[in-house]
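Asker: Structure provided below as structure tokens; questions to follow.
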Amino acid sequence: MINLNNTDLLLDSCPVGGEWSHAQSGKTMSVVNAATGQKIAEVPLMGQAETQQAIAAAEMAQKAWKMQTAASRAKILHRWVSLIQENTEDLARLITSEGGKPLAEARGEVNYAASFISWFAEEAKRVDGVLLQPTNPDQRFIVSKQPVGVCAAITPWNFPAAMITRKVAPALAAGCAIIVKPAEQTPLTALALAKLAELAGLPKALLQVITGDAKEIGGELCRNATVRKLSFTGSTETGRLLMAQCAPTIKKLSLELGGNAPVIVFDDADLGLAVKGIMASKFRNSGQTCVCANRIYVQSGIYQKLCDELVKAVEALKVGNGMDDGVTQGPLINAKAIEKVELHLNDALQKGATLLTGGHKHPLGGNYFAPTVVANITQEMRFAREETFGPVAALFKFDRDDEVVNYANDTEFGLAAYIFTQDAKRQWQIPEALEYGMVGVNTGLISNEVAPFGGIKQSGLGREGSRFGIDEYLEMKYVCVNLA
Ligand SMILES: NC(=O)C1=CN([C@@H]2O[C@H](COP(=O)(O)OP(=O)(O)OC[C@H]3O[C@@H](n4cnc5c(N)ncnc54)[C@H](OP(=O)(O)O)[C@@H]3O)[C@@H](O)[C@H]2O)C=CC1
Ligand SMILES: O=C(O)CCCC(=O)O
């Protein structure tokens, strides 16, 4: 059971086709508490038919929505923000129950999620066109921006609120309608957000949420020509598949995919700052974010000191049920996540890595893994190549700047990277040389609504948040007026 102040936020139906509905088949799927494994709710197991119904309803609703002014759309979005803020505690409890992250982190996520809505409500007011200099005195060249139309979002479990609002807010603000398919593990937060949007006065069918069969729902969202844009956050493997499925209808795509973030700590780094940054980047959401440090490269002069300090910080973490006071590390999302962590760790230990702390399932059992530090990692190990998505700090030693930049760039991913140095020259030159969409200098936390979030290479396409994020939901229209 989830203890909520407002029990109306625990929903067992989906806003589809303008009504809160159950699956046409009557089938449901269970949602379990990530910490206890116990069933906490049932949500509809929807599929292709309900997705088609949602797309048709979205198309109708968007026609009226796009005609409203940006200011009037913003009013509704701001009311949604107020309702999210008023219900922070309940939303945080939903996030912690279904996703497992500690309650304090979940409250932070609610705030983060709301920040995208406030931001884009205002950003839409600045969607301006331009008048270009004509090549002929009798002509006028007008460029305007128009909403893309019906959009779809497929979202992951690690940020059940923020990954939805980062897509939904710019879409609605720009005048689009959007259909969300949340992760099977975390549908309750998505449904609660949609309920609050409805209470804020958002017209029906502009934000629809469909829970159920990923392949059927995703297949229809990709295949259907009425859907003009897909925004996805999740694994590179699934992103690749969705991209291929969208090819026949040439959809606009935003993809926020896997990362393999390097952290580079130079000899001249402020040790305290580096440890704090690594802890923030590596152990946020128990290591389950796409911008989490995956490879920690430490220069030889500071290596031993950093190992010692990091182990102390990691041993001070408190593992447990995210609902309990003082817990800083919740469970991993499922048994598969634990298996991946163990695979990477065993591979490294067999190839000569040294375990400094942790390295085993946590005595609490379930999906808990002991926060771990492992040293002497090399480029031949899985940690160097694959996203671990778990609470393991993997430490590599390096000597030269050019050597570490090559190691850091030696991956198909290019999402986030971090460096720690007090040298002003390095603070400029190393980020320039790193093939990543985002680089933190002397910080392990870089995400906010103001900055463009996104990656290069196989980490994805497009940017979310920031003044650039709304462009993903707009099309440019050029009109040539002949006055002669
Ligand atoms: N970039 C990031 O933030 C994330 C990265 N990952 C990485 O991916 C790994 C696996 O996690 P996982 O949750 O399986 O990630 P996925 O990429 O498979 O899942 C993310 C979303 O995609 C949906 N999905 C999966 N398959 C399809 C499909 N064929 N068609 C349409 N939608 C689909 C999922 O639905 P459903 O849940 O119903 O299957 C979910 O909503 C993690 O270990 C991590 O490395 C995971 C999550 C977030
Ligand atoms: O892991 C993710 O895809 C979510 C992004 C986290 C962030 O916004 O910092």
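Residue numbering restarts at 1 for every chain of the structure tokens, chains are lettered A, B, ... in their displayed order, and ligands are numbered from 1 as they appear.
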Ligand 1: which residues are within 7 Å, counting only C-alpha atoms and all ligand atoms, as a PyMOL selection string?

Answerer: chain A and resi 154-158+181-185+212-215+217-219+233-239+241-242+256-259+289-290+337+387-389

Asker: Write the residues of the preceding selection, restricted to N, CA and C atoms, as a compact mmCIF listing (two decimals), in the first residue's frame.

Answerer:
# COMPACT_ATOMS: atom_id res chain seq x y z
N ILE A 154 8.16 8.18 -24.94
CA ILE A 154 8.36 6.88 -24.27
C ILE A 154 9.42 7.13 -23.22
N THR A 155 9.08 6.85 -21.97
CA THR A 155 9.93 7.32 -20.87
C THR A 155 10.41 6.17 -19.97
N PRO A 156 11.52 6.39 -19.25
CA PRO A 156 12.10 5.33 -18.42
C PRO A 156 11.65 5.41 -16.95
N TRP A 157 12.08 4.44 -16.17
CA TRP A 157 11.68 4.33 -14.76
C TRP A 157 12.58 5.14 -13.83
N ASN A 158 13.74 5.57 -14.28
CA ASN A 158 14.70 6.15 -13.31
C ASN A 158 14.35 7.58 -12.90
N LYS A 181 3.93 6.99 -23.04
CA LYS A 181 3.97 5.60 -22.59
C LYS A 181 5.05 5.52 -21.52
N PRO A 182 4.64 5.45 -20.24
CA PRO A 182 5.66 5.39 -19.18
C PRO A 182 6.24 3.99 -19.07
N ALA A 183 7.34 3.87 -18.34
CA ALA A 183 7.96 2.55 -18.12
C ALA A 183 7.00 1.67 -17.31
N GLU A 184 7.07 0.38 -17.56
CA GLU A 184 6.14 -0.53 -16.87
C GLU A 184 6.33 -0.50 -15.35
N GLN A 185 7.55 -0.17 -14.91
CA GLN A 185 7.80 -0.17 -13.46
C GLN A 185 7.21 1.06 -12.77
N GLY A 212 0.93 -0.24 -20.49
CA GLY A 212 0.69 -1.57 -21.08
C GLY A 212 1.85 -2.12 -21.86
N ASP A 213 1.51 -2.77 -22.95
CA ASP A 213 2.47 -3.53 -23.74
C ASP A 213 3.38 -2.60 -24.56
N ALA A 214 4.66 -2.54 -24.19
CA ALA A 214 5.60 -1.59 -24.81
C ALA A 214 5.69 -1.78 -26.31
N LYS A 215 5.75 -3.04 -26.73
CA LYS A 215 5.94 -3.29 -28.17
C LYS A 215 4.72 -2.86 -28.97
N ILE A 217 2.23 -0.69 -28.01
CA ILE A 217 1.98 0.76 -27.92
C ILE A 217 3.06 1.50 -28.71
N GLY A 218 4.33 1.12 -28.45
CA GLY A 218 5.45 1.78 -29.14
C GLY A 218 5.37 1.55 -30.64
N GLY A 219 4.98 0.33 -31.03
CA GLY A 219 4.88 -0.01 -32.45
C GLY A 219 3.90 0.93 -33.15
N THR A 233 13.48 8.48 -23.93
CA THR A 233 14.64 8.36 -23.04
C THR A 233 14.71 6.92 -22.58
N GLY A 234 15.89 6.34 -22.71
CA GLY A 234 16.07 4.95 -22.29
C GLY A 234 17.35 4.39 -22.87
N SER A 235 17.37 3.08 -23.06
CA SER A 235 18.61 2.43 -23.50
C SER A 235 18.90 2.71 -24.98
N THR A 236 20.16 2.67 -25.33
CA THR A 236 20.54 2.87 -26.73
C THR A 236 19.92 1.77 -27.61
N GLU A 237 19.87 0.57 -27.06
CA GLU A 237 19.33 -0.55 -27.83
C GLU A 237 17.86 -0.29 -28.24
N THR A 238 17.05 0.14 -27.28
CA THR A 238 15.65 0.42 -27.60
C THR A 238 15.54 1.66 -28.48
N GLY A 239 16.38 2.64 -28.24
CA GLY A 239 16.38 3.87 -29.05
C GLY A 239 16.64 3.56 -30.52
N LEU A 241 16.04 0.75 -32.04
CA LEU A 241 14.87 0.05 -32.59
C LEU A 241 13.76 1.06 -32.93
N LEU A 242 13.52 2.00 -32.02
CA LEU A 242 12.45 2.98 -32.25
C LEU A 242 12.78 3.87 -33.45
N GLU A 256 17.28 10.39 -26.00
CA GLU A 256 18.22 10.54 -24.87
C GLU A 256 18.57 9.13 -24.44
N LEU A 257 19.75 8.69 -24.85
CA LEU A 257 20.05 7.26 -24.71
C LEU A 257 21.14 7.01 -23.65
N GLY A 258 21.79 5.90 -23.78
CA GLY A 258 22.76 5.50 -22.76
C GLY A 258 23.98 6.41 -22.70
N GLY A 259 24.66 6.35 -21.57
CA GLY A 259 25.90 7.10 -21.41
C GLY A 259 26.98 6.16 -20.88
N THR A 289 21.43 6.61 -13.39
CA THR A 289 21.06 7.69 -14.30
C THR A 289 22.01 7.61 -15.49
N CYS A 290 21.56 8.19 -16.60
CA CYS A 290 22.38 8.09 -17.81
C CYS A 290 23.59 9.03 -17.74
N ALA A 337 19.03 -5.66 -13.08
CA ALA A 337 19.99 -4.58 -12.81
C ALA A 337 21.11 -5.09 -11.91
N GLU A 387 27.63 0.68 -20.03
CA GLU A 387 26.99 1.44 -18.95
C GLU A 387 26.58 0.47 -17.84
N THR A 388 27.11 0.69 -16.61
CA THR A 388 26.85 -0.26 -15.52
C THR A 388 25.48 -0.02 -14.88
N PHE A 389 25.07 1.23 -14.73
CA PHE A 389 23.78 1.60 -14.14
C PHE A 389 23.61 1.00 -12.74

Asker: Determine, counting only C-alpha atoms, which protein, DNA and RNA residues have an atom within 6 Å of an atom of Arg228 in chain A; residues of the same chain fewer than 4 positions away are not included. Present the result as an MDAnalysis selection string.

Answerer: chainID A and resid 150:151 251

Asker: Just N, CA and C atoms for this one: save the residues we selected as a short mmCIF file (atom, residue, chain, number, x, y, z; two decimals), in the first residue's frame.

Answerer:
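Once everything was written out, this is part_18.cif:
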data_model
loop_
_atom_site.label_atom_id
_atom_site.label_comp_id
_atom_site.auth_asym_id
_atom_site.auth_seq_id
_atom_site.Cartn_x
_atom_site.Cartn_y
_atom_site.Cartn_z
N VAL A 150 0.85 16.09 -33.34
CA VAL A 150 0.70 15.04 -32.33
C VAL A 150 2.07 14.43 -32.05
N CYS A 151 2.45 14.41 -30.77
CA CYS A 151 3.77 13.89 -30.37
C CYS A 151 3.60 12.68 -29.46
N LYS A 251 9.61 10.46 -38.93
CA LYS A 251 9.23 11.31 -37.80
C LYS A 251 10.41 12.12 -37.30
#

Asker: Report, in Å with one decimal, the straight-line distance from CA of Gly320 in chain A to CA of Arg107 in chain A.

Answerer: 17.1 Å

Asker: Between A:Leu332, A:Ile456, A:Ala161, A:Val404, which is the closest to Gln299 in chain A once you count only C-alpha atoms?

Answerer: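 Ranking A:Leu332, A:Ile456, A:Ala161, A:Val404 by distance to Gln299 in chain A, first place goes to A:Val404.
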
Asker: I need the residue nearest ligand 2 from this list: A:Asp325, A:Glu89, A:Asp347, A:Glu105. Use only C-alpha atoms and all ligand atoms for the distance.

Answerer: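 Comparing A:Asp325, A:Glu89, A:Asp347, A:Glu105 against ligand 2, the winner is A:Glu105.
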
Asker: Would you mind listing what lies within 8 Å of Gly437 in chain A as a list in words, with only C-alpha atoms counted and same-chain residues fewer than 2 positions away left out?

Answerer: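 With the cut-off at 8 Å, the set is Gly414, Leu415, Ala416, Glu435, Val439, Phe453, Gly454, Gly455 and Ile456 of chain A.
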